[in-house]
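First comes the structure, then the notes that go with it.
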Amino acid sequence: MSDVAAEIMQIIGSKTGSGYGVVGLTDQLDELGLDSLSVVELTFVIEEKFDVEIPFNANFDIKAKTVGDLIKTVEALVAAKVSLT
Amino acid sequence: MSRVVLTGLGIVSPIGNSIRNYWSSLIAGRSGLAAPVLPSGMQVSTKLVGQVLDFDPALHVAPQQIGSLDRVSQFAVVAARQALAQSGVRLDDGLAERTAVIIGTGSGGHETVDDSFHRLYAEAATRLHPLTIPKAMISAAASQVSLFCGAKGPAYAVASACASATHAIGQAFHMLRSGGATCAICGGTEASITFGALKGWEAMRIMAPDACRPFSSARKGMVIGEGAGIVVLETLEHARSRDADILAEVAGFGMSADSKDLTAPDPAGMARAVSAAMRDGALAPDTVDYVNAHGTGTVANDQAETAAVHISFGNHARRVVLSSTKSMIGHALGAAGALELIASVMALRQDIVPQTINYLGPDPACDLDYVPNEARQMPVRVALSNSFAFGGLNAVLAVRKFTG
């Protein structure tokens, strides 16, 4: 697992209160017990952590998104940032 | 208890700064939403706002006074003067002291706050404009309206986010009904399309990138607006004594709190306010023909509001029509309830219901008649105006055609 993935799992684990290791890559964000505002807050924490901007609208971007999808998005944003520097 | 009537309407909006222009735009389906115009260098990702672009305060306020009014107060004063002019009320000595001013706003002098703090934090300024505080205070608009109009009765601001204007008008209605005042200048005003506020809204991730399409399939969120709506209320007795042109009767007002969640709407809480307004006015649900919906265009609001209408109206939910004028003017936050009450009063007067524009097709969770894309000519006896704020604060006004 990449560092980005590990950190995101940690952040999600602390947000859901389930702790590290319980959240899986195929878990859907809207089924982790997080309401839409919590997912918005989670996105903010991850953006601050990695200094990236995640395109995300709470009206239509939550459904069917998994933890793995989120990690892939952030990994791509981090990689794009590295290639720029 | 006194009956209470509306005798004056005033407006500043993205689709017109007179009642005539506002209403003709509404029923023609003209949108006032466009890309935000902000000072250079202030980058936002917001694609659409409902900004008041053709507003020149110098046309309305003397040069020596402009500096003492934030944009939010300028809007309120201009709308209040229009409403007073239409009503024909003269605030002479006797009436001035019996005239209340109750103005709702979500965030008060936001432009003053934003500009002042930018000067301090970004430009390292060492001093601020001497009127920074009295321009920014949330009650500034109420004070300015009382000053400019010469109203000397009860005056204060009401803040309940997106329900502020509706709470303000509702309180004025109850005050007049119970004898606390004879006349009221009331409504809401908002001017918070600033860099700081837009960044705050963007952070919530609920802004529509394409269009405001309330209740529609494929809706993608809300659009922030601004403006002011001010109305003149009078006791029926007073309006009759001066042979006033009565525009409509305020029939009922209901309030509730969800006590549930800071941002997620609760159909049960909304329905309590809708039902309370009908009860307050002794209105049977099947006498209501039109509901000007809160209808923000977010997925959550529109399905919750639809569920609330089912709860409050029962079988009549299938017959009452709803529309969201926010599809054209955006969400004017603390002014929204007043802009929308004015649309409801005009619907009563003209027997025309404004449409919900940008409607693409039904969402299974929104299964009512939303007057899609075309205004409708139909008899409107009673109309409701719904306002449901963040923090779960709900307020609903009922207006009735005045028939004597």
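The way I read the labels, and the way they are meant: chains A, B, ... in the order of the structure tokens, residue 1 as the first residue of every chain, and ligand 1 as the first ligand shown, with later ones counted on from there.
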For Ile12 of chain A, please output as number ranges by chain all residues within 12 Å (counting only C-alpha atoms; exclusion window: fewer than 3 positions along the same chain).
-> A: 5-9, 15-25, 27-29, 32-34, 38-46, 66-68, 70-71
How close does chain B get to chain A? List, as JSON lines, each residue of chain B within 12 Å, its nearest atom pair and the distance in Å to one decimal, counting only C-alpha atoms.
```
{"residue": "B:Ser45", "atom": "CA", "partner": "A:Pro55", "partner_atom": "CA", "distance": 10.5}
{"residue": "B:Thr46", "atom": "CA", "partner": "A:Asn57", "partner_atom": "CA", "distance": 11.8}
{"residue": "B:Trp201", "atom": "CA", "partner": "A:Asn57", "partner_atom": "CA", "distance": 11.6}
{"residue": "B:Glu202", "atom": "CA", "partner": "A:Asn57", "partner_atom": "CA", "distance": 9.3}
{"residue": "B:Ala203", "atom": "CA", "partner": "A:Phe44", "partner_atom": "CA", "distance": 7.9}
{"residue": "B:Met204", "atom": "CA", "partner": "A:Val40", "partner_atom": "CA", "distance": 6.7}
{"residue": "B:Arg205", "atom": "CA", "partner": "A:Asn57", "partner_atom": "CA", "distance": 4.7}
{"residue": "B:Ile206", "atom": "CA", "partner": "A:Ala58", "partner_atom": "CA", "distance": 5.6}
{"residue": "B:Met207", "atom": "CA", "partner": "A:Asn57", "partner_atom": "CA", "distance": 7.4}
{"residue": "B:Ala208", "atom": "CA", "partner": "A:Asn57", "partner_atom": "CA", "distance": 8.3}
{"residue": "B:Pro209", "atom": "CA", "partner": "A:Asn57", "partner_atom": "CA", "distance": 9.1}
{"residue": "B:Ser217", "atom": "CA", "partner": "A:Phe60", "partner_atom": "CA", "distance": 11.2}
{"residue": "B:Ala218", "atom": "CA", "partner": "A:Phe60", "partner_atom": "CA", "distance": 8.5}
{"residue": "B:Arg219", "atom": "CA", "partner": "A:Asn59", "partner_atom": "CA", "distance": 8.0}
{"residue": "B:Lys220", "atom": "CA", "partner": "A:Asn59", "partner_atom": "CA", "distance": 5.6}
{"residue": "B:Gly221", "atom": "CA", "partner": "A:Asn59", "partner_atom": "CA", "distance": 6.1}
{"residue": "B:Met222", "atom": "CA", "partner": "A:Asn59", "partner_atom": "CA", "distance": 9.5}
{"residue": "B:Asp261", "atom": "CA", "partner": "A:Leu37", "partner_atom": "CA", "distance": 10.0}
{"residue": "B:Leu262", "atom": "CA", "partner": "A:Leu37", "partner_atom": "CA", "distance": 9.2}
{"residue": "B:Thr263", "atom": "CA", "partner": "A:Leu37", "partner_atom": "CA", "distance": 7.6}
{"residue": "B:Ala264", "atom": "CA", "partner": "A:Leu37", "partner_atom": "CA", "distance": 8.1}
{"residue": "B:Pro265", "atom": "CA", "partner": "A:Ser36", "partner_atom": "CA", "distance": 11.8}
{"residue": "B:Thr296", "atom": "CA", "partner": "A:Asn59", "partner_atom": "CA", "distance": 11.8}
{"residue": "B:Gly297", "atom": "CA", "partner": "A:Asn59", "partner_atom": "CA", "distance": 9.4}
{"residue": "B:Thr298", "atom": "CA", "partner": "A:Asn59", "partner_atom": "CA", "distance": 6.3}
{"residue": "B:Val299", "atom": "CA", "partner": "A:Asn59", "partner_atom": "CA", "distance": 5.6}
{"residue": "B:Ala300", "atom": "CA", "partner": "A:Asn59", "partner_atom": "CA", "distance": 7.7}
{"residue": "B:Asn301", "atom": "CA", "partner": "A:Asn59", "partner_atom": "CA", "distance": 10.3}
{"residue": "B:Asp302", "atom": "CA", "partner": "A:Asn59", "partner_atom": "CA", "distance": 11.2}
{"residue": "B:Gln303", "atom": "CA", "partner": "A:Asn59", "partner_atom": "CA", "distance": 11.9}
```
Separating atom CA of Val274 of chain B from atom CA of Gly32 of chain B, to the nearest tenth of an Å, is a gap of 28.3 Å
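Those residues that approach segment 178-190 of chain B to within 6 Å, counting only C-alpha atoms, are Met1, Val72, Ala76, Arg98, Thr99, Ala100, Val101, Ile102, Ile103, Gly104, Thr105, Ala165, Ala168, Ile169, Glu226, Gly227, Ala228, Gly229, Ile230, Val231, Val232, Leu233, Glu234, Thr235, Gly334, Ala335 and Ala338 of chain B; same-chain residues fewer than 4 positions away are not listed.
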Counting only C-alpha atoms, what is within 10 Å of Ile27 of chain B, bar same-chain residues fewer than 4 positions away, as a ChimeraX atom specification?
-> /B:22-23,325,343,347,352-356,373-376
Could you give me, as a tab-separated table, every segment 132-230 of chain B residue with an atom at most 9 Å from segment 288-295 of chain B, plus its closest atom pair and distance in Å to one decimal, counting only C-alpha atoms, rows ordered by chain then number?
```
residue	atom	partner	partner_atom	distance
B:Arg213	CA	B:Gly295	CA	8.9
B:Pro214	CA	B:Gly295	CA	5.5
B:Phe215	CA	B:Gly295	CA	7.0
B:Met222	CA	B:Gly295	CA	9.0
```
In segment 47-82 of chain A, DSSP alpha helix (DSSP H) residues written as a count of residues only | 20
Name the residues of segment 70-230 of chain B that fall into strand (DSSP E) according to DSSP on the backbone, using the chain letters and numbers of this document, as a ChimeraX atom specification.
-> /B:99-104,155-158,183-190,224-225,227-230
Put those residues in a file: C-alpha atoms, as a PDB file, in the first residue's frame.
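Below you can see part18.pdb, which holds the result:
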```pdb
ATOM      1  CA  THR B  99     -44.492  51.786  12.453  1.00  0.00           C
ATOM      2  CA  ALA B 100     -42.122  48.859  12.972  1.00  0.00           C
ATOM      3  CA  VAL B 101     -39.005  48.032  10.957  1.00  0.00           C
ATOM      4  CA  ILE B 102     -38.005  44.377  11.016  1.00  0.00           C
ATOM      5  CA  ILE B 103     -35.338  43.358   8.517  1.00  0.00           C
ATOM      6  CA  GLY B 104     -33.827  39.912   8.110  1.00  0.00           C
ATOM      7  CA  ALA B 155     -37.045  48.178  14.986  1.00  0.00           C
ATOM      8  CA  TYR B 156     -34.586  45.315  14.913  1.00  0.00           C
ATOM      9  CA  ALA B 157     -32.923  42.685  12.760  1.00  0.00           C
ATOM     10  CA  VAL B 158     -33.780  39.036  12.502  1.00  0.00           C
ATOM     11  CA  CYS B 183     -47.732  49.547  10.145  1.00  0.00           C
ATOM     12  CA  ALA B 184     -44.502  47.660   9.380  1.00  0.00           C
ATOM     13  CA  ILE B 185     -41.685  47.978   6.882  1.00  0.00           C
ATOM     14  CA  CYS B 186     -40.244  44.487   6.808  1.00  0.00           C
ATOM     15  CA  GLY B 187     -38.413  41.969   4.689  1.00  0.00           C
ATOM     16  CA  GLY B 188     -34.880  40.836   4.049  1.00  0.00           C
ATOM     17  CA  THR B 189     -31.643  41.901   2.456  1.00  0.00           C
ATOM     18  CA  GLU B 190     -28.392  40.191   1.542  1.00  0.00           C
ATOM     19  CA  ILE B 224     -25.887  32.019  -4.442  1.00  0.00           C
ATOM     20  CA  GLY B 225     -27.853  35.201  -5.078  1.00  0.00           C
ATOM     21  CA  GLY B 227     -30.824  41.433  -3.290  1.00  0.00           C
ATOM     22  CA  ALA B 228     -33.527  42.819  -1.048  1.00  0.00           C
ATOM     23  CA  GLY B 229     -37.260  42.456  -0.766  1.00  0.00           C
ATOM     24  CA  ILE B 230     -39.174  44.828   1.504  1.00  0.00           C
TER      25      ILE B 230
END
```
Contacts of Ala398 of chain B within 6 Å, only C-alpha atoms, excl. fewer than 4 positions in-chain, as a VMD selection string = chain B and resid 251 to 252 383 to 384
What gap, in Å, lies between atom CA of Ala35 of chain B and atom CA of Phe195 of chain B?
->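 Result for atom CA of Ala35 of chain B versus atom CA of Phe195 of chain B: 13.2 Å, one decimal.
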Rounded to one decimal place, report the atom CA of Ser192 of chain B-atom CA of Ser107 of chain B distance in Å.
-> 7.2 Å
Kindly indicate which residue among B:Gln74, B:Thr306, B:Ala211, B:Val250 lies nearest to Pro364 of chain B, using only C-alpha atoms for the distances.
->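 Of all the options, B:Thr306 lies closest to Pro364 of chain B.
Among the candidates B:Ala284, B:Cys149, B:Ala307, B:Ala122, the one nearest to Ala79 of chain B when counting only C-alpha atoms is B:Cys149.
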